[in-house]
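Shown next, in structure tokens, is the structure this report addresses.
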Amino acid sequence: FILAVQLHNACGVFSAENYGGPSGLFRRPTSCSLPEREPRYLQCTCCWRARVPVAGFETLESTLLSSTTACKEDNRPLDAYYTSEQREVILHLLNTATPSELAGVKLLRGRKSLNIVEYRTKHGPFKTLESLVNVPLLKHKSAVTVFHSILNPVKKERKVKISLAKFIRPEVDRSWLEDAGSIVSVVCGTNKIAWSHVNRGMMVLDWQQVDCPNFFRGTYLASAYLSDVSEVVSLLPSTDFYIIEKPSISVQNTALFPIMAHMRTVEAMLFALLEPRNTPPNSNIPPRVLNMMRTGVGRHFGLMVGESRTSGAQTVRQLMTDSVTQKIPRVNFPPELLLKYRDHFQMGGRREGEELCDALLQAVAFYELLSESSS
């Protein structure tokens, strides 16, 4: 402060005339050629529209008082700030969009999109924009952001081929995958093969596993392997695509080479037995049997620890619980499957049912990753 006084005295501007009175401390000196400051503004937190100038300190209090009065008098509903055409566009989306479509709107990811669907199911379609603030987790400020996002959507361009190639081999045009009515997800273990038949509506149609007694026995006879794999193929339901898990065992790990050879043998037999033999070689029909990377499914569900994948039993149990407790579950299970597997995936002890878990999680990840790459 002393240094500031000395500098002002040197400029000849520190005097009682220039700084007389309590409010004079904020007045610009008349004898000093200081640069003009740009006016800055405060914004009212009531309506977020009124701008209050900061420059005039001596009139700041009166300005704030007048602004607050104006805010309190402005009780117009949200509908008053939009044209009839804009209101129609906003209400149409809020009343017809699915949870996944609502999640594409800013601020509506997660629970908010589900709250909107639950509210309109219970109370009927939204008739006014103001009624959106009755939805849990949505207030006036967030509602305005939602309306702006609906009226001014941001299109995000993604390289679909690159994203699909991350988890599906061989690469298939996205349109074929989107038109698929259902898929069968197949996972091979050391002594069994499991599969899950899931349709596009995320309904589990079939979910089971079969023991393969000839796996890892004797001299690994090809005829014995073929017998077990052929029996499984005869039980698999008809579908648009068969998704076979691609193991993530490294060829450099010599200790696991017998397991890798076993997995690759079963995988090759499944491809040979499930792929139609009468398909012309130069046709535009995509392959019926596809590989899905095991690590890609693990990362989708957060099951990866470094380069290793942990058990998905807890995730599957949560999916089964949500199918009963949630109005819009991630996956739908028929009652007979819930009853059959309700005590099947227990933590601790021997890890039974891992192939069943992996088959289901692979099917769910397929649809969810496909949906993400399409948005």
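Ordering of the structure tokens sets the chain letters (A, B, ...), residue numbers begin anew at 1 in every chain, and ligands are numbered from 1 in the order given.
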
Inset, instruction - Fewer than 5 positions away in the same chain doesn't count, so skip those; otherwise give me all residues within 12 Å of A:Cys357, counting only C-alpha atoms, as a PyMOL selection string. - result: chain A and resi 185-189+193-196+207-209+297-298+310-320+341+344-346+351-352+362-364

Inset, instruction - Determine, counting only C-alpha atoms, which protein, DNA and RNA residues have an atom within 12 Å of an atom of A:Lys139; residues of the same chain fewer than 5 positions away are not included. Present the result as a PyMOL selection string. - result: chain A and resi 78+107+112+129-134+144-146

Near stretch 284-286 of chain A, counting only C-alpha atoms, which residues have an atom at most 9 Å away, once you skip same-chain residues fewer than 6 positions from it, shown as a PDB file with C-alpha atoms, in the first residue's frame?
```pdb
ATOM      1  CA  VAL A 172     -18.236 -56.995 -42.275  1.00  0.00           C
ATOM      2  CA  ASP A 173     -20.225 -54.062 -43.552  1.00  0.00           C
ATOM      3  CA  TRP A 176     -25.434 -56.473 -42.518  1.00  0.00           C
TER       4      TRP A 176
END
```

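For stretch 204-310 of chain A, backbone-based DSSP assignment of strand (DSSP E) covers A:Val204, A:Leu205, A:Asp206, A:Trp207, A:Gln208, A:Gln209, A:Val210, A:Asp211, A:Phe241, A:Tyr242, A:Ile243, A:Ile244, A:Glu245, A:Lys246, A:Val289, A:Leu290, A:Asn291, A:Met292, A:Met293, A:Met304, A:Val305, A:Ser308, A:Arg309.
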
Would you mind exporting N, CA, C and O atoms of the selected residues as a compact mmCIF listing (two decimals), in the first residue's frame?
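And here's selection29.txt as it stands now:
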```txt
# COMPACT_ATOMS: atom_id res chain seq x y z
N VAL A 204 -32.80 -62.83 -24.26
CA VAL A 204 -32.07 -64.09 -24.31
C VAL A 204 -33.05 -65.19 -24.69
O VAL A 204 -33.98 -65.51 -23.94
N LEU A 205 -32.85 -65.78 -25.87
CA LEU A 205 -33.75 -66.82 -26.37
C LEU A 205 -33.29 -68.21 -25.95
O LEU A 205 -34.12 -69.10 -25.76
N ASP A 206 -31.99 -68.41 -25.84
CA ASP A 206 -31.45 -69.71 -25.46
C ASP A 206 -30.09 -69.48 -24.81
O ASP A 206 -29.33 -68.58 -25.21
N TRP A 207 -29.77 -70.31 -23.81
CA TRP A 207 -28.53 -70.11 -23.06
C TRP A 207 -28.17 -71.41 -22.37
O TRP A 207 -28.82 -71.81 -21.40
N GLN A 208 -27.16 -72.11 -22.90
CA GLN A 208 -26.80 -73.39 -22.32
C GLN A 208 -25.37 -73.78 -22.69
O GLN A 208 -24.71 -73.09 -23.47
N GLN A 209 -24.93 -74.89 -22.15
CA GLN A 209 -23.60 -75.41 -22.44
C GLN A 209 -23.66 -76.93 -22.52
O GLN A 209 -24.56 -77.56 -21.96
N VAL A 210 -22.66 -77.49 -23.19
CA VAL A 210 -22.59 -78.93 -23.39
C VAL A 210 -21.19 -79.40 -23.04
O VAL A 210 -20.20 -78.78 -23.46
N ASP A 211 -21.10 -80.47 -22.27
CA ASP A 211 -19.80 -81.05 -21.95
C ASP A 211 -19.24 -81.79 -23.17
O ASP A 211 -19.99 -82.44 -23.92
N PHE A 241 -26.04 -64.67 -37.53
CA PHE A 241 -24.58 -64.73 -37.39
C PHE A 241 -24.22 -65.56 -36.17
O PHE A 241 -24.89 -65.50 -35.14
N TYR A 242 -23.14 -66.32 -36.33
CA TYR A 242 -22.53 -67.03 -35.21
C TYR A 242 -21.26 -66.29 -34.83
O TYR A 242 -20.36 -66.11 -35.67
N ILE A 243 -21.19 -65.84 -33.57
CA ILE A 243 -20.04 -65.09 -33.08
C ILE A 243 -19.21 -66.00 -32.19
O ILE A 243 -19.68 -66.41 -31.12
N ILE A 244 -18.00 -66.35 -32.63
CA ILE A 244 -17.13 -67.26 -31.89
C ILE A 244 -16.03 -66.47 -31.22
O ILE A 244 -15.38 -65.63 -31.85
N GLU A 245 -15.83 -66.73 -29.94
CA GLU A 245 -14.82 -66.00 -29.18
C GLU A 245 -13.42 -66.30 -29.72
O GLU A 245 -13.07 -67.45 -29.97
N LYS A 246 -12.63 -65.22 -29.88
CA LYS A 246 -11.24 -65.36 -30.29
C LYS A 246 -10.37 -65.28 -29.05
O LYS A 246 -10.28 -64.22 -28.40
N VAL A 289 -20.11 -66.80 -40.06
CA VAL A 289 -19.40 -67.05 -38.81
C VAL A 289 -18.32 -65.99 -38.64
O VAL A 289 -17.52 -65.76 -39.55
N LEU A 290 -18.31 -65.35 -37.48
CA LEU A 290 -17.38 -64.26 -37.21
C LEU A 290 -16.64 -64.51 -35.90
O LEU A 290 -17.13 -65.23 -35.03
N ASN A 291 -15.48 -63.90 -35.78
CA ASN A 291 -14.72 -63.91 -34.54
C ASN A 291 -14.92 -62.63 -33.78
O ASN A 291 -15.08 -61.56 -34.38
N MET A 292 -14.92 -62.71 -32.45
CA MET A 292 -14.96 -61.52 -31.61
C MET A 292 -13.82 -61.62 -30.60
O MET A 292 -13.64 -62.65 -29.94
N MET A 293 -13.07 -60.53 -30.47
CA MET A 293 -11.90 -60.54 -29.60
C MET A 293 -12.31 -60.64 -28.13
O MET A 293 -13.12 -59.86 -27.64
N MET A 304 -10.83 -56.23 -17.43
CA MET A 304 -9.41 -56.41 -17.70
C MET A 304 -8.56 -55.88 -16.55
O MET A 304 -8.81 -54.78 -16.03
N VAL A 305 -7.59 -56.68 -16.16
CA VAL A 305 -6.57 -56.26 -15.19
C VAL A 305 -5.24 -56.43 -15.91
O VAL A 305 -4.72 -57.54 -16.02
N SER A 308 -4.79 -59.35 -18.55
CA SER A 308 -5.57 -60.53 -18.15
C SER A 308 -7.02 -60.15 -17.91
O SER A 308 -7.33 -59.03 -17.48
N ARG A 309 -7.91 -61.09 -18.19
CA ARG A 309 -9.34 -60.85 -18.00
C ARG A 309 -9.85 -61.62 -16.79
O ARG A 309 -9.56 -62.81 -16.63
```

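If you measure from each of A:Arg277, A:Lys327, A:Lys340, A:Lys141 to A:Glu118 using only C-alpha atoms, the closest one turns out to be A:Lys327.
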